[in-house]
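A.B. asks: Take this structure, written in structure tokens, and hold onto it; I'll ask about it next.
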Amino acid sequence: MKNSSQAIASLFVALVSGVLFGMGMMISGMVDPHRVIGFLDITGAWDPSLMFVMGGALAVFMPIYLLVIKKRNAPVCSERFSLSNNRVIDKKLVGGAALFGLGWGIAGICPGPAVTSISGMNPSMLVFIAAMLLGMVIANLAVNKYEKAKPEKVGAPAGS
């Protein structure tokens with residue numbers, strides 16, 4: 001368990017990282033649904049400007065990753081990395097990814113920029129965030145119901 005100074009340092013790092021990330025998204029225009037749709041519309045009036053934003057982010061991140069982060073045995077504010085052991089591509093993963101992509105395509109904005117744009121008090125973004133949170137609750141309830149209804153896996157019958 002973290003002591004109080006480690007917990008405060010962890011919260012401070014999260015706060016600074018979030019503020020920098022949000023400011024970068026606002027300044028670059030990644031919170032503008034029209035720009036995002038323009039970037040995704042490769043067969044129409046394609047707007048490649050977000051490609052330069054992503055390229056710039058990678059140009060800053062990659063040297064830091066290769067020189068600092070990759071060499072670390074543990075994250076800055078934790079004792080160990082928390083990585084998923086799941087390597088299975090199943091219906092749940094593919095279905096969730098498809099729904100995420102569908103929502104992103106219809107709204108023209110990813111959840112990260114949507115959360116960032118809350119600061120502008122745009123009513124459509126507030127509705128989007130509320131709908132996104134409602135969707136997360138409904139999906140969680142559906143997955144829990146499905147998991148409970150699924151028959152338990154039982155070992156092979158004796159003598160087989």
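Chain labels run A, B, ... following the order of the structure tokens; each chain numbers its residues from 1, and ligands are numbered from 1 in the order shown.
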Find the spatial neighbours of region 34-44 of chain A, counting only C-alpha atoms, within a cut-off of 12 Å - ignore same-chain residues fewer than 3 positions away - and output them as a list in words.

C.D. replies: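 My reading of the contact set: Met25, Met26, Ser28, Gly29, Met30, Val31, Asp47, Pro48, Ser49, Leu50, Met51, Phe52, Val53, Met54, Gly101, Trp104, Gly105, Ile106, Ala107, Gly108, Ile109, Cys110, Pro113 and Ala114 of chain A.
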
A.B. asks: List as a ChimeraX atom specification the protein and nucleic acid residues near Ile129 (chain A), meaning an atom at most 12 Å away when only C-alpha atoms are counted, but skip any in the same chain fewer than 5 places from it.

C.D. replies: /A:103,107,109-118,121-124,134-136

A.B. asks: Convert the current residue selection to file output with N, CA, C and O atoms, as a CSV table (one decimal), in the first residue's frame.

C.D. replies:
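Saved file again.csv follows:
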```csv
chain,number,residue,atom,x,y,z
A,103,GLY,N,-19.8,4.3,-32.4
A,103,GLY,CA,-20.1,5.5,-31.6
A,103,GLY,C,-19.2,6.6,-32.0
A,103,GLY,O,-19.6,7.8,-32.1
A,107,ALA,N,-20.6,10.0,-33.7
A,107,ALA,CA,-20.5,11.3,-33.0
A,107,ALA,C,-19.4,12.2,-33.6
A,107,ALA,O,-19.4,13.4,-33.4
A,109,ILE,N,-16.3,12.1,-32.5
A,109,ILE,CA,-15.4,12.4,-31.5
A,109,ILE,C,-15.1,11.2,-30.6
A,109,ILE,O,-16.0,10.4,-30.3
A,110,CYS,N,-13.9,11.1,-30.2
A,110,CYS,CA,-13.5,10.0,-29.3
A,110,CYS,C,-13.8,10.4,-27.9
A,110,CYS,O,-13.8,11.6,-27.6
A,111,PRO,N,-13.9,9.5,-27.0
A,111,PRO,CA,-14.2,9.8,-25.6
A,111,PRO,C,-13.2,10.7,-24.9
A,111,PRO,O,-13.6,11.6,-24.1
A,112,GLY,N,-11.9,10.6,-25.2
A,112,GLY,CA,-10.9,11.4,-24.6
A,112,GLY,C,-11.1,12.9,-24.9
A,112,GLY,O,-11.2,13.8,-24.0
A,113,PRO,N,-11.2,13.3,-26.2
A,113,PRO,CA,-11.5,14.7,-26.6
A,113,PRO,C,-12.8,15.1,-26.1
A,113,PRO,O,-13.0,16.3,-25.7
A,114,ALA,N,-13.8,14.2,-26.0
A,114,ALA,CA,-15.1,14.6,-25.5
A,114,ALA,C,-15.0,15.1,-24.0
A,114,ALA,O,-15.6,16.1,-23.6
A,115,VAL,N,-14.3,14.3,-23.2
A,115,VAL,CA,-14.1,14.7,-21.8
A,115,VAL,C,-13.3,16.0,-21.7
A,115,VAL,O,-13.7,16.8,-20.9
A,116,THR,N,-12.3,16.2,-22.6
A,116,THR,CA,-11.6,17.4,-22.6
A,116,THR,C,-12.5,18.6,-22.9
A,116,THR,O,-12.3,19.7,-22.3
A,117,SER,N,-13.4,18.4,-23.8
A,117,SER,CA,-14.2,19.5,-24.3
A,117,SER,C,-15.3,19.9,-23.3
A,117,SER,O,-16.1,20.9,-23.5
A,118,ILE,N,-15.5,19.1,-22.2
A,118,ILE,CA,-16.4,19.5,-21.2
A,118,ILE,C,-16.2,20.9,-20.7
A,118,ILE,O,-17.1,21.6,-20.3
A,121,MET,N,-18.3,23.6,-21.9
A,121,MET,CA,-19.7,23.5,-21.5
A,121,MET,C,-20.6,23.4,-22.8
A,121,MET,O,-21.7,23.9,-22.8
A,122,ASN,N,-20.1,22.8,-23.8
A,122,ASN,CA,-20.8,22.6,-25.0
A,122,ASN,C,-22.0,21.6,-24.7
A,122,ASN,O,-21.7,20.5,-24.3
A,123,PRO,N,-23.2,22.0,-24.9
A,123,PRO,CA,-24.3,21.1,-24.6
A,123,PRO,C,-24.3,19.7,-25.3
A,123,PRO,O,-24.6,18.7,-24.7
A,124,SER,N,-23.9,19.7,-26.5
A,124,SER,CA,-23.8,18.5,-27.3
A,124,SER,C,-22.8,17.5,-26.7
A,124,SER,O,-22.9,16.3,-26.6
A,134,LEU,N,-23.9,6.3,-19.7
A,134,LEU,CA,-25.1,5.4,-19.6
A,134,LEU,C,-24.8,4.1,-20.4
A,134,LEU,O,-25.1,3.0,-20.0
A,135,GLY,N,-24.2,4.3,-21.6
A,135,GLY,CA,-23.8,3.1,-22.4
A,135,GLY,C,-22.8,2.2,-21.6
A,135,GLY,O,-22.9,1.0,-21.7
A,136,MET,N,-21.9,2.8,-20.8
A,136,MET,CA,-21.0,2.0,-20.0
A,136,MET,C,-21.7,1.2,-19.0
A,136,MET,O,-21.4,0.0,-18.7
```

A.B. asks: Residues at most 9 Å from Cys77 (chain A), counting only C-alpha atoms, excluding those fewer than 5 positions away in the same chain, as a VMD selection string?

C.D. replies: chain A and resid 6 to 7 9 to 11 13

A.B. asks: Ranking A:Phe61, A:Ile27, A:Val76, A:Ala149 by minimum distance to Ala14 (chain A) and counting only C-alpha atoms, which one comes first?

C.D. replies: A:Val76

A.B. asks: Any idea what the distance is between CA of Asn144 (chain A) and CA of Arg87 (chain A)?

C.D. replies: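 One can read the CA of Asn144 (chain A) to CA of Arg87 (chain A) distance as 20.8 Å.
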
A.B. asks: Name the residues of region 49-107 of chain A that fall into alpha helix (DSSP H) according to DSSP on the backbone, using the chain letters and numbers of this document, as a ChimeraX atom specification.

C.D. replies: /A:49-64,91-107

A.B. asks: Here is a test: counting only C-alpha atoms, which residue of A:Pro63, A:Met132, A:Ile138, A:Glu79 is nearest to Phe100 (chain A)?

C.D. replies: A:Met132

A.B. asks: For Ser119 (chain A), which residue among A:Arg72, A:Asn3, A:Val19, A:Ile8 is the nearest when counting only C-alpha atoms?

C.D. replies: A:Val19

A.B. asks: What is the CA of Val143 (chain A) to CA of Val127 (chain A) distance in Å?

C.D. replies: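 Result for CA of Val143 (chain A) versus CA of Val127 (chain A): 24.0 Å, one decimal.
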